[in-house]
Structures are given as C-alpha cells and as structure tokens.
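Reproduced below: input28.cif, with mmCIF, C-alpha atoms and all ligand atoms.
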```
data_query
loop_
_atom_site.label_atom_id
_atom_site.label_comp_id
_atom_site.auth_asym_id
_atom_site.auth_seq_id
_atom_site.Cartn_x
_atom_site.Cartn_y
_atom_site.Cartn_z
CA MET N 1 1.60 3.86 -44.29
CA ILE N 2 2.89 6.38 -41.83
CA ASP N 3 4.06 8.99 -44.32
CA THR N 4 0.59 10.58 -44.59
CA THR N 5 0.10 13.33 -42.06
CA ALA N 6 -3.04 14.44 -40.35
CA VAL N 7 -4.35 17.67 -41.81
CA ASP N 8 -5.54 20.01 -39.07
CA GLY N 9 -5.51 17.09 -36.67
CA THR N 10 -7.98 15.02 -38.67
CA CYS N 11 -7.52 11.47 -39.91
CA PRO N 12 -6.67 11.45 -43.64
CA ARG N 13 -8.36 8.07 -43.96
CA CYS N 14 -11.76 8.62 -42.33
CA GLY N 15 -11.83 12.33 -41.47
CA LYS N 16 -12.37 11.83 -37.72
CA ALA N 17 -10.36 13.94 -35.28
CA ALA N 18 -6.97 12.41 -34.47
CA VAL N 19 -6.15 12.04 -30.78
CA SER N 20 -3.12 11.77 -28.56
CA GLN N 21 -2.29 10.85 -24.96
CA LEU N 22 0.94 11.36 -23.05
CA GLU N 23 2.25 13.54 -25.90
CA ALA N 24 2.43 10.54 -28.22
CA THR N 25 2.30 10.88 -32.02
CA PRO N 26 -1.44 11.31 -32.84
CA TRP N 27 -3.53 8.51 -34.25
CA CYS N 28 -7.15 8.02 -35.29
CA PRO N 29 -9.26 6.49 -32.51
CA SER N 30 -11.84 5.36 -35.02
CA CYS N 31 -9.93 3.55 -37.80
CA GLU N 32 -6.58 3.33 -35.96
CA TRP N 33 -4.77 5.22 -38.69
CA ASN N 34 -1.16 5.88 -37.63
CA LEU N 35 -1.47 3.74 -34.51
CA GLU N 36 1.44 1.65 -35.76
CA ALA N 37 3.70 4.74 -35.99
CA TYR N 38 7.14 4.46 -34.49
CA ASP N 39 7.27 7.18 -31.85
CA GLU N 40 10.95 7.85 -31.46
CA LYS N 41 10.72 10.21 -28.52
CA ARG N 42 8.58 7.85 -26.48
CA SER N 43 10.31 4.55 -27.34
CA ARG N 44 13.17 2.99 -25.50
CA PRO N 45 15.97 2.34 -28.01
CA LEU N 46 16.14 -1.37 -28.73
CA PHE N 47 19.32 -1.64 -30.78
CA GLY N 48 20.39 2.00 -30.68
CA TRP N 49 20.27 2.52 -34.47
CA ARG N 50 17.22 4.50 -35.40
CA TRP N 51 16.52 2.75 -38.72
CA LEU N 52 16.84 -0.66 -37.08
CA ASP N 53 14.70 0.32 -34.10
CA ARG N 54 12.03 1.60 -36.46
CA ARG N 55 12.13 -1.64 -38.45
CA ALA N 56 11.99 -3.74 -35.29
CA HIS N 57 9.03 -1.73 -34.03
CA HIS N 58 7.03 -2.26 -37.21
CA LEU N 59 7.88 -5.95 -37.31
CA GLY N 60 6.96 -6.35 -33.62
CA TYR N 61 3.71 -4.45 -34.16
CA ARG N 62 2.72 -6.55 -37.16
CA MET N 63 3.61 -9.87 -35.51
CA THR N 64 1.67 -8.93 -32.38
CA ARG N 65 -1.38 -7.91 -34.40
CA ARG N 66 -1.24 -11.00 -36.57
CA GLN N 67 -1.06 -13.26 -33.54
CA PHE N 68 -3.98 -11.42 -31.98
CA ASP N 69 -6.09 -11.91 -35.13
CA ARG N 70 -5.11 -15.57 -35.31
CA LEU N 71 -6.05 -16.30 -31.70
CA LEU N 72 -9.19 -14.19 -31.40
CA GLY N 73 -12.10 -16.49 -30.63
CA ARG N 74 -9.96 -19.65 -30.91
CA PRO N 75 -8.67 -21.99 -28.18
CA LEU N 76 -5.70 -20.43 -26.39
CA ASP N 77 -4.16 -23.57 -24.92
CA ALA N 78 -0.84 -24.98 -26.05
CA THR N 79 -2.51 -26.99 -28.83
CA GLY N 80 -3.07 -23.69 -30.61
CA ALA N 81 0.60 -22.79 -30.20
CA GLY N 82 1.90 -23.74 -33.61
CA ALA N 83 5.34 -23.34 -35.14
CA ALA N 84 6.85 -21.14 -32.40
CA THR N 85 6.49 -23.93 -29.83
CA VAL N 86 8.01 -26.52 -32.11
CA ILE N 87 10.99 -24.29 -32.95
CA THR N 88 11.53 -23.37 -29.28
CA THR N 89 11.40 -26.98 -28.12
CA VAL N 90 13.64 -28.35 -30.89
CA ALA N 91 16.17 -25.53 -30.41
CA SER N 92 16.22 -26.18 -26.65
CA VAL N 93 16.85 -29.88 -27.09
CA VAL N 94 19.63 -29.24 -29.65
CA LEU N 95 21.27 -26.60 -27.42
CA PHE N 96 21.06 -28.86 -24.38
CA LEU N 97 22.60 -31.76 -26.30
CA GLY N 98 25.34 -29.42 -27.54
CA VAL N 99 26.28 -28.41 -23.99
CA ALA N 100 26.08 -32.05 -22.85
CA THR N 101 28.44 -33.01 -25.69
CA LEU N 102 30.93 -30.33 -24.62
CA ALA N 103 30.84 -31.63 -21.06
CA GLY N 104 31.04 -35.29 -22.17
CA THR N 105 34.02 -34.64 -24.45
CA GLY N 106 35.81 -32.71 -21.69
CA ILE N 107 35.29 -35.53 -19.20
CA TRP N 108 36.39 -38.13 -21.74
CA LEU N 109 39.59 -36.16 -22.46
CA VAL N 110 40.40 -36.14 -18.75
CA VAL N 111 39.39 -39.67 -17.82
CA GLY N 112 40.27 -41.57 -20.99
CA HIS N 113 43.77 -40.12 -21.47
CA PRO N 114 47.03 -40.34 -19.54
CA PHE N 115 47.33 -37.56 -16.98
CA PRO N 116 49.04 -35.14 -17.22
CA GLY N 117 49.05 -35.00 -21.00
CA PRO N 118 48.29 -32.63 -23.90
CA SER N 119 44.58 -33.60 -23.88
CA ILE N 120 44.13 -31.61 -20.68
CA LEU N 121 44.79 -28.42 -22.65
CA LEU N 122 41.61 -29.03 -24.62
CA ALA N 123 39.64 -30.53 -21.74
CA VAL N 124 39.88 -27.47 -19.50
CA PRO N 125 38.33 -24.93 -21.92
CA LEU N 126 35.65 -27.43 -22.98
CA LEU N 127 34.62 -28.09 -19.39
CA ALA N 128 34.75 -24.38 -18.56
CA LEU N 129 32.48 -23.66 -21.52
CA ALA N 130 30.08 -26.44 -20.52
CA ILE N 131 29.89 -25.07 -16.97
CA GLY N 132 29.33 -21.53 -18.26
CA LEU N 133 26.49 -22.76 -20.49
CA ARG N 134 24.87 -25.18 -18.03
CA PRO N 135 21.07 -24.90 -17.82
CA ARG N 136 19.92 -22.39 -15.16
CA PHE N 137 16.84 -23.18 -13.15
CA GLY N 138 16.38 -19.93 -11.30
CA ARG N 139 15.90 -19.50 -7.57
CA LEU N 140 13.70 -17.73 -5.12
CA ASP N 141 14.34 -13.99 -4.96
CA PRO N 142 16.18 -13.37 -1.66
CA TYR N 143 14.13 -10.19 -1.11
CA ALA N 144 10.82 -12.06 -1.19
CA GLU N 145 9.35 -12.62 2.27
CA VAL N 146 8.04 -16.18 2.43
CA LEU N 147 4.74 -16.58 4.29
CA SER N 148 3.74 -19.59 6.34
CA ARG N 149 0.22 -20.95 6.41
CA ASP N 150 -0.32 -20.15 10.09
CA ARG N 151 0.80 -16.55 9.48
CA ALA N 152 -1.75 -16.07 6.69
CA PRO N 153 -4.42 -18.81 6.72
CA GLU N 154 -7.02 -16.62 5.02
CA LEU N 155 -4.68 -15.77 2.12
CA PHE N 156 -3.60 -19.40 1.73
CA GLY N 157 -7.25 -20.45 1.66
CA LEU N 158 -8.10 -17.92 -1.03
CA VAL N 159 -5.10 -18.88 -3.18
CA GLU N 160 -6.13 -22.54 -3.01
CA GLU N 161 -9.70 -21.70 -3.93
CA VAL N 162 -8.58 -19.73 -6.98
CA ALA N 163 -6.14 -22.49 -7.95
CA ARG N 164 -9.03 -24.97 -7.97
CA ALA N 165 -11.11 -22.58 -10.08
CA VAL N 166 -8.43 -22.28 -12.78
CA GLY N 167 -7.39 -25.93 -12.57
CA SER N 168 -3.84 -25.22 -11.47
CA PRO N 169 -1.84 -26.82 -8.67
CA ALA N 170 -1.44 -24.65 -5.56
CA PRO N 171 1.91 -22.88 -5.20
CA ASP N 172 4.56 -24.49 -2.97
CA VAL N 173 5.67 -21.09 -1.75
CA ILE N 174 3.62 -17.92 -1.22
CA ALA N 175 5.70 -14.80 -0.68
CA VAL N 176 5.31 -11.03 -0.61
CA ASP N 177 7.65 -8.21 -1.55
CA ASP N 178 7.52 -4.44 -1.98
CA ASP N 179 7.13 -4.28 -5.77
CA LEU N 180 4.22 -2.83 -7.70
CA ASN N 181 3.74 -6.19 -9.34
CA ALA N 182 3.09 -9.87 -8.76
CA TYR N 183 4.60 -12.95 -10.36
CA ALA N 184 4.44 -16.71 -10.53
CA GLN N 185 7.52 -18.75 -11.35
CA ALA N 186 8.98 -22.22 -11.01
CA VAL N 187 12.42 -22.43 -9.42
CA GLY N 188 15.15 -25.02 -8.97
CA VAL N 189 15.54 -28.41 -10.60
CA ARG N 190 12.44 -29.58 -8.77
CA ARG N 191 10.49 -26.64 -10.23
CA ARG N 192 8.97 -25.49 -6.94
CA ARG N 193 6.05 -23.20 -7.71
CA VAL N 194 6.40 -19.72 -6.26
CA LEU N 195 3.67 -17.08 -6.10
CA CYS N 196 4.90 -13.65 -5.06
CA LEU N 197 2.55 -10.75 -4.40
CA GLY N 198 3.92 -7.21 -4.36
CA LEU N 199 2.12 -5.67 -1.40
CA PRO N 200 1.82 -2.11 -2.80
CA TYR N 201 0.01 -3.64 -5.77
CA TRP N 202 -2.07 -6.17 -3.86
CA GLY N 203 -2.98 -3.58 -1.23
CA ALA N 204 -4.31 -1.06 -3.78
CA LEU N 205 -6.57 -3.55 -5.60
CA GLY N 206 -10.25 -4.15 -4.91
CA PRO N 207 -11.29 -7.64 -3.71
CA GLN N 208 -12.43 -9.01 -7.05
CA GLU N 209 -9.35 -7.58 -8.80
CA ARG N 210 -7.27 -9.49 -6.27
CA VAL N 211 -9.01 -12.69 -7.35
CA ALA N 212 -8.33 -11.76 -10.98
CA LEU N 213 -4.66 -11.21 -10.18
CA LEU N 214 -4.41 -14.60 -8.45
CA GLY N 215 -6.25 -16.24 -11.36
CA HIS N 216 -3.78 -14.80 -13.88
CA GLU N 217 -0.67 -15.64 -11.89
CA LEU N 218 -1.79 -19.17 -10.95
CA GLY N 219 -2.81 -19.58 -14.58
CA HIS N 220 0.91 -19.40 -15.37
CA PHE N 221 1.35 -22.83 -13.77
CA VAL N 222 -0.94 -24.39 -16.39
CA ASN N 223 -0.77 -22.15 -19.48
CA GLY N 224 2.28 -23.83 -21.05
CA ASP N 225 4.37 -20.64 -20.94
CA PRO N 226 7.77 -21.63 -22.39
CA ARG N 227 9.52 -19.11 -20.10
CA ARG N 228 8.53 -21.20 -17.11
CA MET N 229 9.07 -24.70 -18.47
CA LEU N 230 12.15 -26.75 -17.79
CA LEU N 231 12.28 -28.17 -21.30
CA THR N 232 12.43 -24.80 -23.01
CA GLN N 233 14.90 -23.02 -20.70
CA PRO N 234 17.91 -23.44 -23.06
CA ALA N 235 16.13 -21.48 -25.83
CA PHE N 236 16.07 -18.43 -23.57
CA THR N 237 19.53 -18.63 -22.05
CA THR N 238 22.15 -20.80 -23.77
CA LEU N 239 23.01 -18.74 -26.85
CA GLY N 240 22.97 -15.50 -24.87
CA SER N 241 25.41 -16.96 -22.33
CA ALA N 242 27.59 -18.29 -25.16
CA ALA N 243 27.72 -14.85 -26.79
CA ASP N 244 28.70 -13.35 -23.42
CA LEU N 245 31.38 -15.93 -22.78
CA LEU N 246 32.93 -15.43 -26.21
CA ARG N 247 32.85 -11.63 -26.13
CA PRO N 248 36.48 -10.48 -26.23
CA ALA N 249 37.62 -9.08 -22.88
CA PRO N 250 39.15 -5.58 -22.87
CA SER N 251 42.84 -5.84 -23.71
CA THR N 252 45.34 -5.73 -20.83
CA GLU N 253 48.32 -7.16 -22.78
CA ARG N 254 51.61 -5.31 -22.60
CA GLY N 255 54.10 -7.09 -24.91
CA LEU N 256 53.99 -7.02 -28.73
CA VAL N 257 53.54 -10.79 -29.09
CA GLU N 258 50.68 -10.81 -26.59
CA MET N 259 49.02 -7.87 -28.33
CA VAL N 260 49.19 -9.57 -31.75
CA GLY N 261 47.90 -12.80 -30.21
CA ALA N 262 45.03 -10.98 -28.51
CA ALA N 263 44.14 -9.10 -31.72
CA LEU N 264 44.04 -12.37 -33.69
CA GLY N 265 41.87 -13.94 -31.03
CA ARG N 266 39.55 -10.95 -31.14
CA VAL N 267 39.18 -11.19 -34.93
CA LEU N 268 37.69 -14.66 -34.42
CA GLN N 269 35.88 -14.08 -31.15
CA TRP N 270 34.10 -10.85 -32.02
CA PRO N 271 32.14 -12.02 -35.09
CA LEU N 272 31.40 -15.37 -33.47
CA SER N 273 30.08 -13.67 -30.35
CA ARG N 274 27.91 -11.28 -32.40
CA LEU N 275 26.61 -14.14 -34.55
CA LEU N 276 25.61 -16.10 -31.46
CA PHE N 277 23.96 -13.01 -30.01
CA ALA N 278 21.98 -12.44 -33.22
CA LEU N 279 20.83 -16.08 -33.15
CA HIS N 280 19.94 -15.63 -29.48
CA LEU N 281 17.72 -12.65 -30.32
CA VAL N 282 15.95 -14.51 -33.12
CA LEU N 283 15.31 -17.52 -30.92
CA VAL N 284 14.06 -15.45 -27.97
CA CYS N 285 11.79 -13.49 -30.30
CA VAL N 286 10.27 -16.72 -31.67
CA ALA N 287 9.95 -18.26 -28.20
CA LEU N 288 8.24 -15.13 -26.87
CA ARG N 289 5.44 -15.49 -29.44
CA ASP N 290 4.35 -18.54 -27.50
CA SER N 291 4.78 -16.69 -24.22
CA GLN N 292 2.37 -14.08 -25.50
CA ARG N 293 -0.14 -16.77 -26.40
CA ALA N 294 0.25 -18.11 -22.85
CA GLU N 295 -0.43 -14.62 -21.41
CA TYR N 296 -3.75 -14.44 -23.26
CA LEU N 297 -4.61 -17.82 -21.78
CA ALA N 298 -3.66 -16.68 -18.25
CA ASP N 299 -6.04 -13.73 -18.76
CA GLU N 300 -8.81 -16.09 -19.72
CA LEU N 301 -8.18 -18.18 -16.59
CA SER N 302 -8.22 -14.94 -14.60
CA ALA N 303 -11.67 -14.20 -16.05
CA LYS N 304 -12.84 -17.71 -15.17
CA ALA N 305 -11.86 -17.23 -11.54
CA ALA N 306 -12.85 -13.61 -10.97
CA GLY N 307 -15.38 -12.98 -13.74
CA THR N 308 -14.68 -11.15 -17.01
CA THR N 309 -15.47 -7.73 -15.52
CA ALA N 310 -12.85 -8.01 -12.78
CA ALA N 311 -10.28 -9.46 -15.19
CA THR N 312 -10.70 -6.55 -17.61
CA ASP N 313 -10.66 -4.07 -14.70
CA LEU N 314 -7.34 -5.54 -13.63
CA LEU N 315 -5.95 -5.02 -17.13
CA ASP N 316 -6.97 -1.37 -16.92
CA VAL N 317 -5.07 -1.15 -13.65
CA THR N 318 -1.95 -2.24 -15.55
CA LEU N 319 -2.34 0.87 -17.70
CA ARG N 320 -2.46 3.02 -14.59
CA VAL N 321 0.45 1.63 -12.59
CA GLU N 322 2.18 5.01 -12.50
CA SER N 323 -0.81 6.69 -10.95
CA MET N 324 -1.13 3.75 -8.54
CA GLU N 325 2.48 4.24 -7.52
CA LEU N 326 1.94 7.95 -6.88
CA ALA N 327 -1.16 7.30 -4.78
CA VAL N 328 0.39 4.49 -2.74
CA ARG N 329 3.62 6.39 -2.06
CA ARG N 330 1.80 9.53 -1.00
CA GLU N 331 -0.41 7.61 1.44
CA ALA N 332 2.51 5.52 2.72
CA ARG N 333 4.45 8.71 3.49
CA ALA N 334 1.43 10.00 5.38
CA GLY N 335 1.63 6.88 7.52
CA HIS N 336 -1.41 5.09 6.06
CA GLY N 337 -1.85 1.41 5.23
CA PRO N 338 -3.52 -0.52 2.39
CA ALA N 339 -7.07 0.72 3.00
CA ARG N 340 -5.96 4.29 2.20
CA TRP N 341 -3.74 3.15 -0.68
CA ARG N 342 -6.75 1.62 -2.34
CA ALA N 343 -9.03 4.60 -1.66
CA ALA N 344 -6.46 7.04 -3.05
CA PHE N 345 -5.89 4.95 -6.17
CA ASP N 346 -9.66 4.61 -6.68
CA GLU N 347 -9.99 8.40 -6.59
CA ALA N 348 -7.30 8.74 -9.25
CA ARG N 349 -9.01 6.07 -11.34
CA VAL N 350 -12.37 7.82 -11.25
CA ALA N 351 -10.80 11.17 -12.10
CA ASN N 352 -9.06 9.74 -15.18
CA ALA N 353 -11.59 7.18 -16.38
CA GLY N 354 -12.24 9.16 -19.57
CA ARG N 355 -8.69 8.65 -20.84
CA LEU N 356 -8.78 4.87 -20.58
CA PRO N 357 -10.10 3.96 -24.04
CA GLN N 358 -7.29 5.94 -25.67
CA LEU N 359 -4.64 4.60 -23.29
CA ARG N 360 -5.76 1.07 -24.19
CA GLN N 361 -5.36 1.90 -27.87
CA LEU N 362 -2.00 3.55 -27.36
CA SER N 363 -0.71 0.48 -25.51
CA ALA N 364 -1.08 -1.48 -28.76
CA ARG N 365 1.61 0.81 -30.21
CA GLU N 366 3.84 1.27 -27.20
CA GLU N 367 3.84 -2.23 -25.76
CA ALA N 368 4.20 -4.10 -29.05
CA SER N 369 7.77 -5.33 -29.30
CA LEU N 370 9.69 -8.26 -30.69
CA PHE N 371 11.04 -8.90 -27.22
CA SER N 372 8.01 -8.28 -25.05
CA THR N 373 6.91 -11.15 -22.83
CA HIS N 374 3.33 -9.84 -22.69
CA PRO N 375 0.99 -8.77 -25.50
CA PRO N 376 -0.07 -5.11 -25.27
CA THR N 377 -2.57 -4.53 -22.45
CA GLY N 378 -5.17 -3.07 -24.82
CA LEU N 379 -5.07 -6.21 -26.99
CA ARG N 380 -5.31 -8.46 -23.95
CA ARG N 381 -8.48 -6.63 -23.04
CA LEU N 382 -9.88 -6.91 -26.57
CA MET N 383 -9.08 -10.63 -26.50
CA LEU N 384 -11.17 -11.06 -23.33
CA ASP N 385 -13.97 -8.92 -24.79
CA GLY N 386 -14.01 -11.20 -27.82
CA ARG N 387 -14.48 -14.38 -25.81
CA GLU N 388 -17.26 -15.99 -23.84
CA ARG N 389 -18.05 -13.90 -20.76
CA HIS N 390 -17.49 -15.52 -17.37
CA GLU N 391 -19.28 -14.98 -14.08
CA PRO N 392 -16.98 -15.07 -11.03
CA ALA N 393 -16.21 -18.58 -9.77
CA VAL N 394 -14.61 -17.16 -6.62
CA VAL N 395 -16.14 -14.17 -4.86
CA LEU N 396 -13.97 -12.34 -2.37
CA THR N 397 -16.01 -10.28 0.05
CA GLU N 398 -14.80 -6.97 1.48
CA GLY N 399 -14.71 -8.60 4.92
CA ARG N 400 -12.49 -11.50 3.87
CA SER N 401 -10.28 -9.20 1.84
CA ALA N 402 -9.79 -6.98 4.91
CA ARG N 403 -8.99 -10.04 7.05
CA ILE N 404 -6.22 -10.95 4.60
CA ASP N 405 -4.79 -7.47 5.01
CA GLU N 406 -4.94 -7.81 8.79
CA GLU N 407 -2.99 -11.08 8.62
CA LEU N 408 -0.30 -9.27 6.68
CA ALA N 409 -0.22 -6.17 8.91
CA LYS N 410 3.41 -6.67 9.88
CA GLU N 411 4.54 -7.14 6.25
CA TYR N 412 2.49 -4.15 5.14
CA GLU N 413 4.14 -1.97 7.76
CA THR N 414 7.64 -2.98 6.58
CA VAL N 415 6.68 -2.21 2.99
CA ARG N 416 5.06 1.06 4.01
CA ARG N 417 8.26 2.20 5.69
CA ASN N 418 10.31 1.23 2.61
CA LEU N 419 7.94 3.18 0.39
CA ALA N 420 7.95 6.22 2.63
CA TRP N 421 11.72 6.52 2.34
ZN ZN L 501 -9.53 7.34 -39.19
ZN ZN L 502 1.39 -13.06 -16.91
#
```
Please re-express this file's structure in structure tokens.
Ligand SMILES: [Zn+2]
Ligand SMILES: [Zn+2]
Amino acid sequence: MIDTTAVDGTCPRCGKAAVSQLEATPWCPSCEWNLEAYDEKRSRPLFGWRWLDRRAHHLGYRMTRRQFDRLLGRPLDATGAGAATVITTVASVVLFLGVATLAGTGIWLVVGHPFPGPSILLAVPLLALAIGLRPRFGRLDPYAEVLSRDRAPELFGLVEEVARAVGSPAPDVIAVDDDLNAYAQAVGVRRRRVLCLGLPYWGALGPQERVALLGHELGHFVNGDPRRMLLTQPAFTTLGSAADLLRPAPSTERGLVEMVGAALGRVLQWPLSRLLFALHLVLVCVALRDSQRAEYLADELSAKAAGTTAATDLLDVTLRVESMELAVRREARAGHGPARWRAAFDEARVANAGRLPQLRQLSAREEASLFSTHPPTGLRRLMLDGRERHEPAVVLTEGRSARIDEELAKEYETVRRNLAW
C-alpha cells in the first residue's frame, strides 16, 4: 500500500535507499515499493476529480502490470489476445449494425412513404444521426511530405528490406514530417498503408536504431493492432461521436416556451450523452488492452529486424525524447543538419546514461494509464529482455545511412528551418 512512508529515505519493505528522478515521489529501486504511487503533481488530470484520477491510476497500473505478467515469455500474436479482442470485435459489429439500422430506417421512411408526409420528420434526424456516426477511415495527414521512389531510392530499398525481415507488406506511401516521432497507419476505405518518419527523430538516430524504428512501425501492419483495423474502428469512435452529437448545445433560446422546451430536452440529452461517453471510455479502455499487446509484438518484430540490442536502445531513446528535442533544436538553430543532431543527442545520452535504469522504472508508474495506447517504455524493454535474443536481420551501415540522409537533404533543410524558428 502507499500509505507507508519512507523513513529517512529508506524503503520500509527492504531497507534499501529510496530513489527519485524528475522530482517524482520516491520509490525503492530494488523491490519497487511505492512505484505504483499516484503522483498528483506529475500526472496529467484524467477526469479532473482527484479521487477518481487516483483510482484510475491504480487501476491502469494494475491492469498494465497484470497484462505484462501474462504475456511475459508467451506468444504475443493475436492468438494470445483473449477477451479484449472478442469484446472489441463484437462491440464494433453491434455498433456498426446499429448505425446501419439508423440509416436503413431513415431511407425506408423517405422512400417507402408518400412525400411530403409526417414520416419525413423522423427520417431527417435518423439520417443525420447515421451520417454523424458513420465509420471514419482516416486520411493522410496533409502536413506529411510524400516521397517518391526516385527521390529516395535508398530509403525505399531499406524499408522494403525491413518489411521482408518482419514479414509485413511494404507501405504504399512513405512520407516525412517535422515531428519528433514516426508512425504507421492505414487510411481510407482501401486501407492504404502509410509510413511517416519524423525527420528530427530519424535524423538523430544511429543506423541500427533506424532499422529498429522501421521494424517497429512496419510491425504495426501485421501485429493485429485493433486501432489500425477496419473491423474494429467503430469500437474506438462510434460511442464517442454519439455522446458528442447528443451533448446539449449552449442555450440561445429567447422565449419562455422555447426555454422550457430546451430545458426538457436537456434533461433527457445530458444523462444520455454522459452515459454514452462513459460506455465509450469503458470500450476504449478494453480495446486498448489489445493495442498494448500489439505494441509488445511490434517491439519483438523490431528486435527481429534490427537485433535485440538496437531495439532496446531505441526504447531508451523514447525515454529521452525531451533531451533529443533540445539537442536537435539547438543544432538546427546553429544551421546544422542531421549529422550534428545525432552527435549532439549522443553526447547528451552519454552524459545521462546513469539515470536510465531509474527512468525506465519510473516510466512504469508515469506511463501506465487506462487510456494509453502503448505499454510503459520500461515494461516494453523488460518484455524484450525476457524473450529470445535476436541478432540483426538487417544491418544498416554508416555509409548507407548517410546516403539516405543525402537523398533527403531538401526535406531536412525545410525541417531544419521550421525547427530553428
Ligand atoms: Zn525496497
Ligand atoms: Zn507502436
């Protein structure tokens, strides 16, 4: 329990010295006493009520830990997914059928009845609701710069090589943007596969970490992540949209009759909207359990492509994104390109290497959430450590890595100018 306090900074359970990083509530690095503590000053409010946020934190922490224990050393593919997948899929099918029924009834009221007639009064709101709740397929981010193969043949070649190594199809679109991140997604009804590399991130990574990044992202095309599958889209969106649509609009009525009417409407709409939102949260939370399982699998595919060492190094980078951002921005302002970004970030990494074990531990507290798409970075690393070690299937040499950067010189320069602003 968290009500025991450390005496003189020692762990009351095992007597070792308690530690802290980033001014977080101390914990024991040896037996993890107090690691589950809810750290109010360092947590983003989830619901805004302290007691509820605390509860949600502990529940999120326990669920994350339990899933970790369940998956450690076991197959990570979708066969090991369990109840969360079944619930997500069934809920999606039911929600989709519900929206289809709304649309079908609306159309029937219009087509199968004399026009104009009273049935139109019901048909219009039903159709409007069905349109508001229609499945969304996502689209390519307009800020992503799409690359062509002749612009970046070396990068395309590497991506295809890594795709083969992890057994995933190659992306249909490769793009870059100026984020400190990278992502893989499927967009549109035809589910075109998009791989987007944030150049500040890509530029600051070492060659083998780049392979690990590609392995993880391409792994998302084959890891059965429900966030990226067509079938399970409704579980993530429909109830949330319904709650939004039913939320009472701020009152603009002037007359007494209108005000009474609006108040009556609100009495019905408000609780219904909140109920739908609560159901939305529960469903998303369940569906995200399977997303977290899929993230562990993407990490394993990353290790297969780049080797376990590079995959775990990349996870450590995730813990240091802030220091990466500082280094990259500083060098970009000084007019330097990716070679200097990487060198500056490497210096920061070496200088702070001693803090890493504790930052990994702390991530298990701070990144555990009911609504997190990823498991905590520290647990992802432990998961890889607990599995069969992989040698790299794809080796990216310094020379080839530099050639990729040369191909992208124009894009890097645009990003550099944006960063320097
Ligand atoms: Zn202890
Ligand atoms: Zn991922």
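With all atoms listed in the file as the basis for measurement, N:Pro234 is the residue among N:Gly198, N:Pro169, N:Pro234, N:Pro375 that approaches Thr89 (chain N) most closely.
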### Query
Counting only C-alpha atoms, what is within 9 Å of region 221-226 of chain N, bar same-chain residues fewer than 4 positions away, as a PyMOL selection string?
chain N and resi 76-78+85+88-89+166-171+184-186+193+217+230-233+236+287-288+290-295+297-298+301
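Proximity of N:Val187, N:Cys31, N:Ala353, N:Leu314 to ligand ZN 501 (chain L), computed with only C-alpha atoms and all ligand atoms, is greatest for N:Cys31.
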### Message
Between N:Lys41, N:Arg274, N:Arg139, N:Arg227, which residue has the minimum interatomic distance to Arg190 (chain N), considering all atoms listed in the file?
### Response
N:Arg139
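Nearest residue to Glu36 (chain N) among N:Ala364, N:Leu129, N:Ile107, N:Ala420 is N:Ala364, counting all atoms listed in the file.
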Would you mind putting N, CA and C atoms back on region 318-336 of chain N and writing the result as a tab-separated table (two decimals), keeping the file's coordinate frame?
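Now in rebuild_17.tsv:
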```tsv
chain	number	residue	atom	x	y	z
N	318	THR	N	-3.30	-2.15	-14.99
N	318	THR	CA	-1.95	-2.24	-15.55
N	318	THR	C	-1.59	-0.97	-16.32
N	319	LEU	N	-2.60	-0.36	-16.95
N	319	LEU	CA	-2.34	0.87	-17.70
N	319	LEU	C	-2.14	2.06	-16.78
N	320	ARG	N	-2.50	1.89	-15.51
N	320	ARG	CA	-2.46	3.02	-14.59
N	320	ARG	C	-1.46	2.80	-13.46
N	321	VAL	N	-0.46	1.96	-13.69
N	321	VAL	CA	0.45	1.63	-12.59
N	321	VAL	C	1.17	2.88	-12.07
N	322	GLU	N	1.48	3.81	-12.97
N	322	GLU	CA	2.18	5.01	-12.50
N	322	GLU	C	1.33	5.81	-11.53
N	323	SER	N	0.04	5.92	-11.85
N	323	SER	CA	-0.81	6.69	-10.95
N	323	SER	C	-1.03	5.91	-9.65
N	324	MET	N	-1.03	4.57	-9.75
N	324	MET	CA	-1.13	3.75	-8.54
N	324	MET	C	0.09	4.00	-7.66
N	325	GLU	N	1.25	4.05	-8.29
N	325	GLU	CA	2.48	4.24	-7.52
N	325	GLU	C	2.45	5.58	-6.78
N	326	LEU	N	2.02	6.62	-7.50
N	326	LEU	CA	1.94	7.95	-6.88
N	326	LEU	C	1.03	7.92	-5.66
N	327	ALA	N	-0.17	7.32	-5.86
N	327	ALA	CA	-1.16	7.30	-4.78
N	327	ALA	C	-0.63	6.52	-3.58
N	328	VAL	N	-0.06	5.34	-3.85
N	328	VAL	CA	0.39	4.49	-2.74
N	328	VAL	C	1.55	5.16	-1.98
N	329	ARG	N	2.49	5.72	-2.72
N	329	ARG	CA	3.62	6.39	-2.06
N	329	ARG	C	3.17	7.56	-1.19
N	330	ARG	N	2.26	8.35	-1.74
N	330	ARG	CA	1.80	9.53	-1.00
N	330	ARG	C	1.16	9.08	0.32
N	331	GLU	N	0.29	8.07	0.24
N	331	GLU	CA	-0.41	7.61	1.44
N	331	GLU	C	0.56	6.92	2.41
N	332	ALA	N	1.54	6.19	1.85
N	332	ALA	CA	2.51	5.52	2.72
N	332	ALA	C	3.31	6.55	3.50
N	333	ARG	N	3.69	7.64	2.81
N	333	ARG	CA	4.45	8.71	3.49
N	333	ARG	C	3.62	9.33	4.60
N	334	ALA	N	2.30	9.42	4.36
N	334	ALA	CA	1.43	10.00	5.38
N	334	ALA	C	1.14	9.01	6.51
N	335	GLY	N	1.77	7.83	6.43
N	335	GLY	CA	1.63	6.88	7.52
N	335	GLY	C	0.45	5.92	7.40
N	336	HIS	N	-0.21	5.93	6.21
N	336	HIS	CA	-1.41	5.09	6.06
N	336	HIS	C	-1.09	3.72	5.45
```
